[in-house]
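Participant: The following block contains the structure, expressed as structure tokens.
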Amino acid sequence: MAERWLVDAQRLLDDHRWSAAYYLAGYAVECGLKACVLVRLAAMPEVIFESRRFSENCWTHNVLELVKLAGLEATRVADNATNPALFRNWLIAKDWDETSSYQTTTHQKAKRLYAAITDQPNGVMQWIRGHW
């Protein structure tokens with residue numbers, strides 16, 4: 001689904017629908033990270049007992065919280081420390097949230113988020129793909 005949302009976000013950018021493109025690009029990151037959470041659960045089902053509310057916490061849309069739930073925070077920090085381009089892309093992507101669907105977004109902001117997510121080889125989605 002994450003890949004499909006990125007394709008749709010690009011089409012929306014092409015159609016000058018900045019707000020919708022911004023929302024879907026960020027939603028692609030959320031979906032990708034939720035796939036990483038599922039990978040973690042499949043490999044280590046006992047992780048669900050880390051917290052009494054682990055599964056409830058998975059309902060979040062917060063990008064950085066999802067990184068933690070996927071067990072990838074230490075990896076993200078280490079990768080950001082050695083890759084300044086990836087670090088800059090995470091700085092942009094982390095600010096997305098689901099309420100953006102109710103906001104008007106500029107062309108520049110939408111393109112900036114999409115670029116941070118899809119940058120090759122330092123995009124946020126490229127990093128996520130390495131963990132699902």
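Just so we're on the same page: first chain in the structure tokens is A, next is B, and so on; residues restart at 1 for each chain, and ligands are numbered from 1 in the order they show up.
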Name the residues in contact with A:Pro45 at a cut-off of 12 Å, using only C-alpha atoms, excluding same-chain residues fewer than 6 positions from it; report them as a count of residues only.
Facilitator: 5
Participant: Find the spatial neighbours of stretch 113-121 of chain A, counting only C-alpha atoms, within a cut-off of 9 Å - ignore same-chain residues fewer than 6 positions away - and output them as JSON, numbers by chain.
Facilitator: {"A": [6, 9, 10, 13, 21, 22, 25, 26, 28, 29, 86, 88, 89, 90, 91, 92, 93, 96, 127]}
Participant: Between A:Met44, A:Ala20, A:Cys36, A:Cys58, which residue has the minimum interatomic distance to A:Met125, considering only C-alpha atoms?
Facilitator: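 Among A:Met44, A:Ala20, A:Cys36, A:Cys58, it is A:Cys36 that comes nearest to A:Met125.
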Participant: Quick one: DSSP helix (DSSP H, G or I) residues in stretch 60-125 of chain A, as a CSV table (one decimal) with C-alpha atoms, in the first residue's frame?
Facilitator:
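Okay, this is what ended up in out.csv:
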chain,number,residue,atom,x,y,z
A,63,VAL,CA,5.9,8.8,12.3
A,64,LEU,CA,8.6,8.7,15.0
A,65,GLU,CA,6.3,6.7,17.3
A,66,LEU,CA,5.9,4.1,14.6
A,67,VAL,CA,9.7,3.9,14.1
A,68,LYS,CA,9.9,3.1,17.8
A,69,LEU,CA,7.1,0.5,17.7
A,73,GLU,CA,14.7,4.0,16.6
A,74,ALA,CA,18.3,3.0,17.4
A,75,THR,CA,18.9,2.1,13.7
A,76,ARG,CA,17.3,5.4,12.5
A,77,VAL,CA,19.5,7.4,14.9
A,78,ALA,CA,22.7,5.6,13.8
A,79,ASP,CA,21.9,5.9,10.1
A,80,ASN,CA,21.1,9.6,10.5
A,81,ALA,CA,24.4,10.1,12.3
A,82,THR,CA,26.3,8.7,9.4
A,84,PRO,CA,23.5,13.8,6.6
A,85,ALA,CA,21.1,13.6,3.6
A,86,LEU,CA,19.0,10.9,5.2
A,87,PHE,CA,19.0,13.0,8.4
A,88,ARG,CA,17.7,16.1,6.5
A,89,ASN,CA,15.0,13.9,4.9
A,90,TRP,CA,13.8,12.6,8.2
A,91,LEU,CA,13.6,16.1,9.6
A,92,ILE,CA,11.1,16.9,6.9
A,93,ALA,CA,9.1,13.6,7.0
A,98,GLU,CA,-2.8,12.9,9.7
A,99,THR,CA,-4.4,16.3,10.4
A,100,SER,CA,-2.7,17.5,7.2
A,101,SER,CA,-5.7,16.2,5.3
A,102,TYR,CA,-7.6,19.1,6.8
A,107,HIS,CA,3.3,23.6,-3.7
A,108,GLN,CA,6.8,23.9,-2.1
A,109,LYS,CA,5.9,22.1,1.1
A,110,ALA,CA,4.3,19.2,-0.9
A,111,LYS,CA,7.2,18.8,-3.2
A,112,ARG,CA,9.7,19.0,-0.4
A,113,LEU,CA,8.0,16.2,1.5
A,114,TYR,CA,7.7,14.0,-1.6
A,115,ALA,CA,11.4,14.6,-2.4
A,116,ALA,CA,12.4,13.7,1.2
A,117,ILE,CA,10.5,10.5,1.0
A,118,THR,CA,11.5,9.4,-2.5
A,124,VAL,CA,12.9,8.0,4.0
A,125,MET,CA,11.0,5.4,2.0
